[in-house]
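For reference, target-v7.txt (compact mmCIF, C-alpha atoms and all ligand atoms):
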```txt
# COMPACT_ATOMS: atom_id res chain seq x y z
CA MET A 120 0.00 0.00 0.00
CA GLN A 121 1.46 3.30 -1.03
CA MET A 122 1.69 6.07 1.55
CA VAL A 123 0.94 9.59 0.44
CA PRO A 124 3.68 12.11 1.23
CA GLN A 125 2.79 14.91 3.66
CA GLU A 126 3.04 17.73 1.15
CA SER A 127 0.59 15.90 -1.12
CA LEU A 128 -1.85 15.53 1.77
CA ALA A 129 -1.77 19.29 2.26
CA MET A 130 -2.49 19.69 -1.45
CA LEU A 131 -5.48 17.37 -1.19
CA VAL A 132 -7.05 19.20 1.74
CA GLN A 133 -7.37 22.91 1.13
CA GLN A 134 -9.31 25.47 3.13
CA ASP A 135 -12.50 25.38 1.11
CA ARG A 136 -12.20 22.23 -0.98
CA VAL A 137 -10.79 18.70 -0.79
CA HIS A 138 -9.61 16.31 -3.45
CA ARG A 139 -11.89 13.32 -4.08
CA ASN A 140 -8.99 10.96 -3.27
CA VAL A 141 -9.53 11.50 0.45
CA TYR A 142 -12.73 9.47 0.04
CA VAL A 143 -11.65 6.84 -2.46
CA ASP A 144 -7.91 6.14 -2.14
CA PRO A 145 -7.21 2.91 -0.17
CA GLY A 146 -3.70 4.19 0.67
CA ILE A 147 -5.19 7.26 2.35
CA PHE A 148 -7.64 5.03 4.21
CA GLU A 149 -4.70 3.06 5.62
CA MET A 150 -3.10 6.29 6.79
CA GLU A 151 -6.37 7.35 8.42
CA MET A 152 -6.53 4.11 10.38
CA ASP A 153 -2.94 4.50 11.44
CA ARG A 154 -2.68 8.20 12.20
CA LEU A 155 -6.21 9.34 12.92
CA PHE A 156 -7.98 6.33 14.43
CA GLY A 157 -4.62 5.28 15.86
CA ARG A 158 -4.24 8.57 17.75
CA ALA A 159 -7.53 10.26 18.55
CA TRP A 160 -9.66 9.47 21.58
CA LEU A 161 -12.41 7.15 20.36
CA LEU A 162 -15.66 6.50 22.17
CA LEU A 163 -15.91 2.81 23.05
CA GLY A 164 -19.20 2.74 24.93
CA HIS A 165 -20.95 3.50 28.18
CA VAL A 166 -20.45 2.17 31.70
CA SER A 167 -24.00 0.80 31.76
CA GLN A 168 -22.86 -1.82 29.23
CA ILE A 169 -20.54 -3.31 31.84
CA ARG A 170 -22.33 -2.60 35.09
CA ASN A 171 -21.30 -5.77 36.98
CA ALA A 172 -18.02 -7.61 37.48
CA GLY A 173 -17.41 -9.89 34.51
CA ASP A 174 -19.58 -7.86 32.10
CA TYR A 175 -17.91 -7.17 28.79
CA PHE A 176 -18.51 -5.94 25.26
CA THR A 177 -16.41 -6.01 22.12
CA THR A 178 -15.90 -3.18 19.67
CA ARG A 179 -13.23 -1.83 17.38
CA MET A 180 -10.87 1.10 17.24
CA GLY A 181 -10.16 1.58 13.55
CA ARG A 182 -8.69 -1.77 12.57
CA GLU A 183 -8.08 -3.02 16.11
CA PRO A 184 -10.63 -5.39 17.62
CA VAL A 185 -11.14 -4.35 21.24
CA LEU A 186 -12.53 -6.08 24.33
CA VAL A 187 -13.86 -3.93 27.18
CA THR A 188 -14.33 -5.57 30.57
CA ARG A 189 -15.36 -4.90 34.17
CA HIS A 190 -13.00 -6.66 36.58
CA THR A 191 -13.93 -8.04 40.00
CA ASP A 192 -12.39 -5.00 41.72
CA GLY A 193 -14.68 -2.71 39.72
CA SER A 194 -12.02 -1.39 37.31
CA THR A 195 -12.70 -1.02 33.63
CA TYR A 196 -10.23 -2.43 31.10
CA ALA A 197 -9.86 -2.18 27.34
CA PHE A 198 -7.66 -4.75 25.59
CA VAL A 199 -6.71 -5.59 22.06
CA ASN A 200 -9.04 -8.54 21.48
CA ARG A 201 -6.31 -10.92 20.41
CA CYS A 202 -4.95 -14.02 22.09
CA THR A 203 -1.28 -13.61 23.02
CA HIS A 204 -0.47 -17.20 22.05
CA ARG A 205 -0.85 -17.41 18.30
CA GLY A 206 -3.13 -14.54 17.64
CA SER A 207 -6.73 -15.74 17.42
CA LEU A 208 -9.50 -13.27 18.11
CA LEU A 209 -10.14 -14.01 21.77
CA CYS A 210 -13.80 -13.06 22.25
CA HIS A 211 -16.19 -13.00 19.32
CA GLN A 212 -19.40 -12.18 21.21
CA ALA A 213 -20.79 -8.63 21.02
CA LYS A 214 -21.43 -8.58 24.76
CA GLY A 215 -21.98 -10.82 27.76
CA SER A 216 -20.76 -11.71 31.20
CA ALA A 217 -17.83 -14.05 31.91
CA LYS A 218 -15.51 -15.07 34.72
CA SER A 219 -12.67 -15.40 32.21
CA PHE A 220 -12.00 -15.59 28.48
CA SER A 221 -10.83 -18.84 26.90
CA CYS A 222 -9.22 -18.76 23.49
CA PRO A 223 -11.05 -20.98 21.01
CA TYR A 224 -7.78 -22.27 19.50
CA HIS A 225 -5.72 -23.85 22.34
CA GLY A 226 -7.62 -22.77 25.40
CA TRP A 227 -5.32 -20.14 26.88
CA THR A 228 -7.48 -18.47 29.48
CA PHE A 229 -7.37 -14.83 30.56
CA ASP A 230 -8.88 -13.12 33.58
CA THR A 231 -11.12 -10.05 33.19
CA ASP A 232 -8.09 -7.90 34.12
CA GLY A 233 -6.21 -9.42 31.17
CA SER A 234 -3.80 -11.58 33.15
CA LEU A 235 -3.06 -15.04 31.76
CA GLN A 236 -4.71 -17.50 34.14
CA TRP A 237 -4.21 -20.86 32.58
CA VAL A 238 -2.29 -22.57 29.76
CA PRO A 239 -2.80 -26.24 28.76
CA THR A 240 0.07 -28.74 29.11
CA ARG A 241 2.25 -26.30 30.97
CA SER A 242 4.79 -29.10 31.26
CA GLY A 243 5.44 -28.65 27.56
CA TYR A 244 7.26 -25.40 28.29
CA GLU A 245 10.80 -25.38 29.62
CA PRO A 246 10.99 -24.40 33.30
CA GLY A 247 12.69 -21.12 32.40
CA ALA A 248 9.94 -20.21 30.00
CA ALA A 249 7.15 -20.46 32.56
CA ALA A 250 7.72 -16.95 33.89
CA LYS A 251 7.76 -15.51 30.42
CA ILE A 252 4.51 -17.27 29.56
CA ARG A 253 2.88 -15.87 32.66
CA GLU A 254 3.66 -12.42 31.38
CA LEU A 255 1.70 -12.95 28.20
CA GLY A 256 -1.39 -11.16 29.48
CA LEU A 257 -3.72 -9.34 27.11
CA ARG A 258 -2.30 -6.17 25.64
CA PRO A 259 -4.16 -3.16 27.06
CA VAL A 260 -5.13 -0.28 24.79
CA ALA A 261 -2.60 2.51 25.49
CA ARG A 262 -4.94 4.95 27.26
CA THR A 263 -8.49 4.75 28.57
CA ASP A 264 -10.52 7.38 30.38
CA GLN A 265 -14.12 8.24 31.09
CA TYR A 266 -16.29 11.31 30.92
CA ARG A 267 -19.65 11.20 32.72
CA GLY A 268 -20.04 7.49 32.15
CA PHE A 269 -18.76 7.43 28.58
CA ILE A 270 -15.71 5.21 28.06
CA PHE A 271 -13.05 6.50 25.71
CA ALA A 272 -9.72 5.06 24.64
CA SER A 273 -6.74 6.05 22.55
CA LEU A 274 -4.26 3.73 20.87
CA ALA A 275 -1.57 6.40 21.32
CA ALA A 276 0.40 6.50 24.57
CA THR A 277 0.84 10.27 24.33
CA GLY A 278 -1.29 13.18 23.17
CA PRO A 279 -3.91 15.47 24.66
CA SER A 280 -5.84 14.24 27.69
CA LEU A 281 -9.48 13.28 27.16
CA LEU A 282 -10.64 16.59 28.68
CA GLU A 283 -8.31 18.56 26.43
CA PHE A 284 -9.51 16.56 23.45
CA LEU A 285 -13.19 17.14 24.24
CA GLY A 286 -12.79 20.80 25.16
CA HIS A 287 -16.13 22.60 24.97
CA MET A 288 -17.74 19.47 23.47
CA ALA A 289 -17.81 17.99 26.97
CA SER A 290 -20.84 20.24 27.48
CA SER A 291 -22.82 18.19 24.94
CA PHE A 292 -22.28 15.10 27.12
CA ASP A 293 -23.27 17.22 30.13
CA ASP A 294 -26.47 18.17 28.33
CA LEU A 295 -27.28 14.51 27.73
CA VAL A 296 -26.52 13.31 31.25
CA ASP A 297 -27.98 16.33 33.10
CA ARG A 298 -31.37 15.58 31.56
CA ALA A 299 -31.61 12.42 33.67
CA PRO A 300 -33.44 13.27 36.91
CA GLU A 301 -31.12 10.84 38.73
CA GLY A 302 -28.07 12.11 36.86
CA GLU A 303 -27.34 8.82 35.12
CA LEU A 304 -27.91 7.17 31.77
CA GLU A 305 -28.39 3.60 30.75
CA ILE A 306 -28.01 2.04 27.31
CA THR A 307 -31.15 -0.05 26.79
CA GLY A 308 -32.98 -1.78 24.02
CA GLY A 309 -30.33 -3.26 21.75
CA VAL A 310 -28.26 -1.79 18.95
CA PHE A 311 -29.20 -0.77 15.43
CA LYS A 312 -26.39 -1.54 12.99
CA HIS A 313 -26.41 -0.17 9.50
CA ALA A 314 -23.70 -0.57 6.91
CA TYR A 315 -23.24 1.35 3.69
CA ASN A 316 -20.92 1.20 0.71
CA GLY A 317 -19.30 4.55 1.28
CA ASN A 318 -16.52 6.31 3.14
CA TRP A 319 -16.81 6.76 6.92
CA LYS A 320 -16.48 10.56 6.70
CA LEU A 321 -19.74 10.90 4.78
CA VAL A 322 -21.88 10.19 7.81
CA LEU A 323 -20.12 12.83 9.95
CA GLU A 324 -20.43 15.35 7.11
CA ASN A 325 -24.16 14.70 6.97
CA HIS A 326 -25.29 14.99 10.57
CA LEU A 327 -24.93 18.77 10.84
CA ASP A 328 -25.93 19.46 7.24
CA GLY A 329 -28.97 21.74 7.13
CA ILE A 330 -29.40 21.86 3.39
CA HIS A 331 -29.89 18.19 2.64
CA PRO A 332 -33.12 17.37 4.54
CA ASN A 333 -35.32 19.29 2.12
CA TYR A 334 -33.87 17.31 -0.77
CA VAL A 335 -32.72 13.92 0.48
CA HIS A 336 -35.77 13.50 2.71
CA ALA A 337 -38.32 15.14 0.40
CA SER A 338 -40.52 12.06 0.10
CA SER A 339 -41.11 11.67 3.85
CA VAL A 340 -41.45 15.44 4.31
CA ASN A 341 -44.28 15.41 1.76
CA VAL A 342 -46.05 12.52 3.46
CA ALA A 343 -45.76 14.24 6.86
CA ARG A 344 -47.17 17.50 5.50
CA GLY A 345 -50.30 15.70 4.42
CA ALA A 346 -50.66 13.71 7.66
CA PRO A 347 -53.00 14.72 10.51
CA ASP A 348 -51.42 17.20 12.96
CA PRO A 349 -49.68 15.70 16.00
CA GLY A 350 -52.24 15.33 18.75
CA SER A 351 -52.42 15.29 22.49
CA PRO A 352 -51.92 12.75 23.92
CA GLU A 353 -49.08 11.95 21.55
CA ARG A 354 -49.31 8.92 19.36
CA GLU A 355 -46.11 7.14 18.43
CA SER A 356 -46.49 8.34 14.85
CA ASP A 357 -46.60 11.97 16.02
CA ILE A 358 -42.86 11.87 16.66
CA ALA A 359 -42.36 10.86 13.04
CA ILE A 360 -44.66 13.61 11.78
CA ARG A 361 -42.94 16.31 13.84
CA GLN A 362 -39.46 15.17 12.81
CA MET A 363 -40.28 14.86 9.13
CA ARG A 364 -42.04 18.23 9.03
CA GLN A 365 -39.01 19.73 10.73
CA ASN A 366 -36.80 18.20 8.02
CA GLY A 367 -38.89 20.18 5.57
CA ALA A 368 -38.52 23.47 7.44
CA PRO A 369 -38.05 26.45 5.14
CA GLU A 370 -34.59 27.72 4.28
CA LYS A 371 -34.80 30.66 6.67
CA VAL A 372 -35.20 28.27 9.62
CA TRP A 373 -32.08 26.35 8.62
CA GLU A 374 -30.20 29.60 8.06
CA SER A 375 -31.06 30.83 11.54
CA ILE A 376 -29.90 27.78 13.50
CA GLY A 377 -26.35 27.63 14.86
CA ILE A 378 -23.40 25.51 13.83
CA TRP A 379 -20.51 25.57 16.28
CA THR A 380 -17.13 23.94 15.89
CA THR A 381 -14.24 23.32 18.25
CA ALA A 382 -10.63 22.16 18.01
CA HIS A 383 -9.95 18.52 17.01
CA GLY A 384 -12.73 18.45 14.40
CA HIS A 385 -15.75 18.44 16.72
CA GLY A 386 -18.97 20.37 16.18
CA TYR A 387 -22.64 20.65 17.03
CA MET A 388 -25.89 22.02 15.74
CA GLY A 389 -27.67 24.27 18.21
CA ASP A 390 -30.75 26.49 18.35
CA TYR A 391 -32.38 23.88 16.14
CA HIS A 392 -35.72 23.51 17.85
CA ASN A 393 -37.60 24.16 21.01
CA ASP A 394 -39.41 21.64 23.11
CA SER A 395 -42.84 22.65 21.85
CA ARG A 396 -41.98 22.26 18.19
CA LEU A 397 -40.17 19.01 17.95
CA VAL A 398 -39.89 17.10 21.18
CA VAL A 399 -42.90 15.62 22.92
CA GLY A 400 -45.13 18.67 23.40
CA LEU A 401 -44.64 20.95 26.37
CA ASP A 402 -48.27 20.57 27.36
CA ASN A 403 -47.98 16.79 27.25
CA PRO A 404 -48.63 15.23 30.70
CA VAL A 405 -45.58 12.96 30.34
CA PHE A 406 -43.33 15.94 29.74
CA GLN A 407 -44.90 17.78 32.68
CA ASP A 408 -44.31 14.77 34.92
CA TYR A 409 -40.68 14.62 33.72
CA ARG A 410 -40.20 18.32 34.28
CA ALA A 411 -41.66 18.05 37.78
CA ARG A 412 -39.14 15.30 38.60
CA LEU A 413 -36.29 17.51 37.45
CA VAL A 414 -37.62 20.41 39.51
CA ALA A 415 -37.92 18.18 42.59
CA LYS A 416 -34.27 17.24 42.16
CA HIS A 417 -32.71 20.51 41.04
CA GLY A 418 -35.16 23.34 41.60
CA GLU A 419 -36.87 25.54 39.04
CA GLU A 420 -33.91 27.59 37.91
CA ARG A 421 -31.53 24.71 37.24
CA THR A 422 -34.32 22.79 35.48
CA ARG A 423 -34.91 25.73 33.17
CA GLU A 424 -31.18 25.77 32.46
CA ILE A 425 -31.06 22.01 31.74
CA LEU A 426 -34.06 22.05 29.43
CA GLY A 427 -32.97 25.32 27.86
CA VAL A 428 -30.11 23.68 25.97
CA THR A 429 -31.35 23.20 22.43
CA ARG A 430 -28.58 21.25 20.75
CA TRP A 431 -29.35 18.74 18.08
CA ASN A 432 -26.54 16.49 16.82
CA SER A 433 -23.10 16.76 18.41
CA ILE A 434 -20.12 15.23 16.65
CA VAL A 435 -17.00 14.19 18.48
CA TYR A 436 -14.54 13.58 15.69
CA PRO A 437 -13.81 11.02 14.37
CA ASN A 438 -16.15 8.32 15.67
CA VAL A 439 -19.28 9.57 17.39
CA SER A 440 -22.45 11.54 16.78
CA PHE A 441 -25.11 11.91 19.46
CA MET A 442 -28.10 13.95 20.56
CA SER A 443 -29.82 14.49 23.88
CA GLN A 444 -33.33 15.36 22.72
CA PHE A 445 -34.10 11.74 21.91
CA ARG A 446 -31.08 10.16 23.64
CA GLN A 447 -29.47 8.62 20.56
CA LEU A 448 -25.79 7.91 20.03
CA ARG A 449 -24.09 6.61 16.91
CA ILE A 450 -20.58 5.16 16.71
CA VAL A 451 -18.97 5.15 13.27
CA HIS A 452 -16.77 2.17 12.38
CA PRO A 453 -14.78 2.44 9.14
CA LEU A 454 -14.29 -1.00 7.56
CA ALA A 455 -12.69 -0.07 4.22
CA VAL A 456 -12.31 3.07 2.16
CA ASP A 457 -15.79 2.44 0.72
CA ARG A 458 -17.46 0.47 3.52
CA THR A 459 -18.70 1.71 6.89
CA VAL A 460 -20.90 0.38 9.66
CA VAL A 461 -22.67 2.60 12.18
CA TYR A 462 -23.92 1.35 15.56
CA THR A 463 -26.83 3.24 17.10
CA TYR A 464 -27.63 3.10 20.81
CA SER A 465 -30.66 4.36 22.73
CA PHE A 466 -30.35 5.70 26.26
CA LYS A 467 -32.78 5.74 29.14
CA LEU A 468 -32.71 8.75 31.44
CA LYS A 469 -32.69 7.35 34.96
CA GLY A 470 -35.58 8.69 36.98
CA ALA A 471 -37.59 9.86 33.94
CA PRO A 472 -41.10 8.56 33.17
CA GLU A 473 -41.13 5.25 31.30
CA GLN A 474 -43.01 6.83 28.38
CA MET A 475 -39.93 8.91 27.56
CA PHE A 476 -37.99 5.80 26.70
CA ARG A 477 -40.82 4.72 24.42
CA ASP A 478 -40.44 8.08 22.68
CA THR A 479 -36.73 7.37 22.36
CA ILE A 480 -37.48 4.06 20.69
CA ALA A 481 -40.13 5.63 18.46
CA PHE A 482 -37.61 8.24 17.37
CA ALA A 483 -34.92 5.59 16.83
CA ASN A 484 -37.33 3.74 14.57
CA VAL A 485 -38.14 6.90 12.64
CA VAL A 486 -34.61 8.17 12.18
CA ASN A 487 -32.00 5.51 12.93
CA GLY A 488 -33.65 2.15 12.34
CA THR A 489 -32.70 0.08 9.35
CA ALA A 490 -36.29 0.37 8.07
CA SER A 491 -36.49 4.08 8.86
CA TRP A 492 -38.03 6.47 6.33
CA VAL A 493 -35.22 8.91 7.01
CA LEU A 494 -32.01 6.90 7.40
CA THR A 495 -32.60 4.87 4.23
CA ASP A 496 -32.57 8.12 2.22
CA ASP A 497 -29.21 9.13 3.72
CA LEU A 498 -27.70 5.70 3.09
CA GLU A 499 -28.75 5.80 -0.54
CA VAL A 500 -27.11 9.20 -0.91
CA TYR A 501 -23.86 8.07 0.78
CA GLU A 502 -23.60 5.28 -1.77
CA ARG A 503 -24.35 7.65 -4.65
CA ILE A 504 -21.69 10.05 -3.37
CA GLN A 505 -19.16 7.24 -3.21
CA ARG A 506 -19.97 6.24 -6.78
CA GLY A 507 -19.81 9.85 -7.93
CA LEU A 508 -16.47 10.42 -6.22
CA GLY A 509 -15.09 7.35 -7.95
CA ALA A 510 -15.46 9.10 -11.29
CA THR A 511 -12.36 10.79 -12.62
CA GLY A 512 -12.35 14.13 -14.35
CA ALA A 513 -13.82 16.41 -11.71
CA ASP A 514 -11.45 16.02 -8.82
CA TRP A 515 -12.59 18.56 -6.23
CA VAL A 516 -15.27 18.48 -3.58
CA ASP A 517 -16.45 22.00 -2.81
CA LEU A 518 -16.79 23.03 0.84
CA SER A 519 -16.99 26.78 0.42
CA ARG A 520 -20.52 27.45 1.63
CA GLY A 521 -20.15 30.17 4.25
CA PHE A 522 -16.37 30.27 3.87
CA GLY A 523 -15.03 33.61 5.06
CA ASN A 524 -18.09 34.25 7.24
CA ASP A 525 -17.13 31.95 10.12
CA VAL A 526 -16.78 33.86 13.36
CA ALA A 527 -14.96 33.26 16.63
CA ASP A 528 -17.39 32.63 19.49
CA THR A 529 -17.18 32.07 23.22
CA HIS A 530 -15.58 28.89 24.67
CA ASP A 531 -12.89 28.74 21.95
CA THR A 532 -15.57 27.77 19.47
CA ARG A 533 -16.05 29.03 15.94
CA ARG A 534 -19.51 29.51 14.58
CA GLY A 535 -20.77 29.40 11.01
CA GLY A 536 -22.08 32.75 9.74
CA THR A 537 -25.39 30.95 9.17
CA GLY A 538 -26.77 27.53 10.13
CA THR A 539 -26.12 26.12 6.67
CA SER A 540 -22.41 26.97 6.64
CA GLU A 541 -20.12 24.09 5.73
CA ILE A 542 -17.81 25.25 8.53
CA PHE A 543 -18.13 21.90 10.31
CA VAL A 544 -16.83 19.93 7.32
CA ARG A 545 -13.95 22.39 6.86
CA ASN A 546 -13.23 21.99 10.56
CA GLN A 547 -13.26 18.19 10.31
CA PHE A 548 -10.75 18.33 7.48
CA ALA A 549 -8.52 20.76 9.36
CA ALA A 550 -8.32 18.17 12.15
CA TRP A 551 -7.90 15.38 9.59
CA LEU A 552 -4.89 17.09 8.07
CA ALA A 553 -3.35 17.79 11.48
CA TYR A 554 -3.67 14.12 12.49
CA LEU A 555 -2.37 12.77 9.21
CA THR A 556 0.63 15.05 8.98
CA ALA A 557 1.70 15.08 12.65
CA GLU A 558 4.95 13.24 13.39
S1 LIG A 601 -4.06 -18.93 19.66
FE1 LIG A 601 -5.07 -18.64 21.52
S2 LIG A 601 -4.58 -20.38 22.64
FE2 LIG A 601 -3.47 -20.63 20.83
FE FE A 602 -30.46 13.04 6.57
```
Can the structure from this file be put into structure tokens for me?
Ligand code: FES
Ligand SMILES: [Fe+2]
Amino acid sequence: MQMVPQESLAMLVQQDRVHRNVYVDPGIFEMEMDRLFGRAWLLLGHVSQIRNAGDYFTTRMGREPVLVTRHTDGSTYAFVNRCTHRGSLLCHQAKGSAKSFSCPYHGWTFDTDGSLQWVPTRSGYEPGAAAKIRELGLRPVARTDQYRGFIFASLAATGPSLLEFLGHMASSFDDLVDRAPEGELEITGGVFKHAYNGNWKLVLENHLDGIHPNYVHASSVNVARGAPDPGSPERESDIAIRQMRQNGAPEKVWESIGIWTTAHGHGYMGDYHNDSRLVVGLDNPVFQDYRARLVAKHGEERTREILGVTRWNSIVYPNVSFMSQFRQLRIVHPLAVDRTVVYTYSFKLKGAPEQMFRDTIAFANVVNGTASWVLTDDLEVYERIQRGLGATGADWVDLSRGFGNDVADTHDTRRGGTGTSEIFVRNQFAAWLAYLTAE
């Protein structure tokens, strides 16, 4: 695989346009896995996935298969999911609970803290080798850390701390967790997995894009416009109608929302909605009950503050996109330059009325489910983009919408001049170039 020299990378990624090769060149994909996914903090999951000793789940960090465990002393570990004998994948289950992990090949057995517990026919090893064998515990991922229950890891031993990496984006996780009356979240209800034949970056370039809904999602917008108005009490379909009508909001609405970006390629869409327009209606008894529980816990002023945050999608570059309004989180796993799989999780707010989790599931079905009326449109477009970018002749992808109108904002953020600025894609590529060209 040919590596691309640094000066060529800088040619490919310019301030307001990028060369199509960054989406289609397998050599560049290899460099991304090595230098970007091999360095950045990546979200692995949430502590509620490994609540008890022995609980585990498997995931990946770029190319590396990873096993995340809860040990008997309560500590959390992340290991490369590879047997230290002759290299078999150690655990192939998505999740579960185990006292130890036995390799399917020759039975080497590892404890949940990674130490090698047992090896068959130990007598087969010379006496001097026994100590060395004992040291063949699982290889831990270089760094792990947590923020408000979210487990992150980095394959690089050095680099910014997790808090430095998140910067102001930590406040999007705060927004999500603070909405739980008991201050805690729980992943519940399984995982949606959707794969598409396109580059991994396409999904992160889509989630803050305010122009596309009126075009990509036109068919469902039209259906929703003709549907009966959302009622009270809410029916499950009302969430779909609200969301799809919002997708069809006029240009001036999209122009007036906010797009904020921070260092390291992160960004979020804010001022997108208010609770009466999109989320379960303010006059809805379930929402009132929920609000009352927050007030009982935090008082009126703090509750107003918590519910006053109106962010939509937040992207923590390069592997996660999430939103608090319906408690959805998506982890992006690149598989090849033109193949990606996205895992979607739904969260329960501890202490909130049960109906709110049903709304979460209803929303997941509308927007993130594999049979969703919305997601399927996006997936089709990702694949068309990938096919279009494979064509030679027109080599540049234009990212100049709003270029020159970005403004510095509080909290070391930069804000697009309008809500449809492509600032967030430019910002992702600025981070991309920094990762790929750093020594
Ligand atoms: S490869 Fe795992 S025990 Fe041999
Ligand atoms: Fe979309």
For this session: Find the residues near range 308-314 of chain A: any atom within 12 Å, counting only C-alpha atoms, skip ones fewer than 4 places away on the same chain, and give them as a ChimeraX atom specification.
Result: /A:164,168,213-214,318-319,322,447-455,457-467,476-477,479-481,483-484,486-491,494-495,497-499,501-502
Output file for the residues above (C-alpha atoms, as a compact mmCIF listing (two decimals), in the frame of the given file):
```
# COMPACT_ATOMS: atom_id res chain seq x y z
CA GLY A 164 -19.20 2.74 24.93
CA GLN A 168 -22.86 -1.82 29.23
CA ALA A 213 -20.79 -8.63 21.02
CA LYS A 214 -21.43 -8.58 24.76
CA ASN A 318 -16.52 6.31 3.14
CA TRP A 319 -16.81 6.76 6.92
CA VAL A 322 -21.88 10.19 7.81
CA GLN A 447 -29.47 8.62 20.56
CA LEU A 448 -25.79 7.91 20.03
CA ARG A 449 -24.09 6.61 16.91
CA ILE A 450 -20.58 5.16 16.71
CA VAL A 451 -18.97 5.15 13.27
CA HIS A 452 -16.77 2.17 12.38
CA PRO A 453 -14.78 2.44 9.14
CA LEU A 454 -14.29 -1.00 7.56
CA ALA A 455 -12.69 -0.07 4.22
CA ASP A 457 -15.79 2.44 0.72
CA ARG A 458 -17.46 0.47 3.52
CA THR A 459 -18.70 1.71 6.89
CA VAL A 460 -20.90 0.38 9.66
CA VAL A 461 -22.67 2.60 12.18
CA TYR A 462 -23.92 1.35 15.56
CA THR A 463 -26.83 3.24 17.10
CA TYR A 464 -27.63 3.10 20.81
CA SER A 465 -30.66 4.36 22.73
CA PHE A 466 -30.35 5.70 26.26
CA LYS A 467 -32.78 5.74 29.14
CA PHE A 476 -37.99 5.80 26.70
CA ARG A 477 -40.82 4.72 24.42
CA THR A 479 -36.73 7.37 22.36
CA ILE A 480 -37.48 4.06 20.69
CA ALA A 481 -40.13 5.63 18.46
CA ALA A 483 -34.92 5.59 16.83
CA ASN A 484 -37.33 3.74 14.57
CA VAL A 486 -34.61 8.17 12.18
CA ASN A 487 -32.00 5.51 12.93
CA GLY A 488 -33.65 2.15 12.34
CA THR A 489 -32.70 0.08 9.35
CA ALA A 490 -36.29 0.37 8.07
CA SER A 491 -36.49 4.08 8.86
CA LEU A 494 -32.01 6.90 7.40
CA THR A 495 -32.60 4.87 4.23
CA ASP A 497 -29.21 9.13 3.72
CA LEU A 498 -27.70 5.70 3.09
CA GLU A 499 -28.75 5.80 -0.54
CA TYR A 501 -23.86 8.07 0.78
CA GLU A 502 -23.60 5.28 -1.77
```
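Using all atoms listed in the file, the nearest neighbour of ligand FE 602 (chain A) within the list A:Leu304, A:Ile376, A:Leu327, A:Ala359 is A:Leu327.
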Taking only residues of chain A that have an atom at most 7 Å from an atom of ligand FE 602 (chain A), what is each one's shortest atom pair and its distance in Å to one decimal, using all atoms listed in the file, in chain and number order, as CSV?
```
residue,atom,partner,partner_atom,distance
A:Asn325,CA,A:FE602,FE,6.5
A:His326,CA,A:FE602,FE,6.8
A:His331,CA,A:FE602,FE,6.5
A:Pro332,CA,A:FE602,FE,5.5
A:Val335,CA,A:FE602,FE,6.6
A:His336,CA,A:FE602,FE,6.6
A:Val493,CA,A:FE602,FE,6.3
A:Leu494,CA,A:FE602,FE,6.4
A:Asp496,CA,A:FE602,FE,6.9
A:Asp497,CA,A:FE602,FE,5.0
```
Please report, as CSV, each residue of chain A lying at most 9 Å from ligand LIG 601 (chain A), together with the nearest pair of atoms and the separation in Å rounded to one decimal; use only C-alpha atoms and all ligand atoms, and order rows by chain and ascending residue number.
```
residue,atom,partner,partner_atom,distance
A:Arg201,CA,A:LIG601,FE1,7.9
A:Cys202,CA,A:LIG601,FE1,4.7
A:Thr203,CA,A:LIG601,FE1,6.5
A:His204,CA,A:LIG601,S1,4.6
A:Arg205,CA,A:LIG601,S1,3.8
A:Gly206,CA,A:LIG601,S1,4.9
A:Ser207,CA,A:LIG601,S1,4.7
A:Leu208,CA,A:LIG601,FE1,7.8
A:Leu209,CA,A:LIG601,FE1,6.9
A:Ser221,CA,A:LIG601,S2,7.7
A:Cys222,CA,A:LIG601,FE1,4.6
A:Pro223,CA,A:LIG601,FE1,6.4
A:Tyr224,CA,A:LIG601,FE2,4.8
A:His225,CA,A:LIG601,S2,3.7
A:Gly226,CA,A:LIG601,S2,4.8
A:Trp227,CA,A:LIG601,S2,4.3
A:Thr228,CA,A:LIG601,S2,7.7
A:Val238,CA,A:LIG601,S2,7.8
A:Pro239,CA,A:LIG601,S2,8.7
```
Enclose range 247-263 of chain A, meaning all of its atoms listed in the file, in a box aligned along x, y and z, pad it by 3 Å on each side, and list the centre and edge lengths in Å to one decimal, as JSON.
```
{"center_x": 2.1, "center_y": -8.1, "center_z": 29.3, "size_x": 27.2, "size_y": 32.1, "size_z": 15.1}
```
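Our summary of the geometry notes that CA of Leu186 in chain A is positioned 10.9 Å from CA of Asp232 in chain A.
Closest to Ser519 in chain A among A:Gln133, A:Met180, A:Val185, A:Asp357 is A:Gln133, based on only C-alpha atoms.
For the set A:Val439, A:Leu162, A:Ala415, A:Val199, the residue with the smallest atom-to-atom gap to Leu281 in chain A is A:Leu162, counting only C-alpha atoms.
Across the model, the gap from CA of Ile306 in chain A to CA of His165 in chain A is 7.3 Å.
Considering the residues A:Leu518, A:Ala299, A:Ala553, A:Leu163 and counting only C-alpha atoms, Gln265 in chain A has its shortest atom-to-atom contact with A:Leu163.
With distances taken over all atoms listed in the file, A:Trp492 is the one residue among A:Glu254, A:Pro145, A:Ala549, A:Trp492 lying closest to Ile360 in chain A.
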Seminar exercise, completed: The residue from A:Phe284, A:Phe198, A:Phe156, A:Tyr409 with the smallest atom-to-atom distance to His383 in chain A, counting only C-alpha atoms, is A:Phe284
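As for CA of Met150 in chain A and CA of Cys210 in chain A, they are spaced 27.0 Å apart.
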Exercise. Which residues, written as an MDAnalysis selection string, have at least one atom at most 10 Å from Leu323 in chain A, with all atoms listed in the file counted and residues fewer than 2 positions away on the same chain left out?
Worked result: chainID A and resid 319:321 325:328 385:386 433:440 451 543:544 547
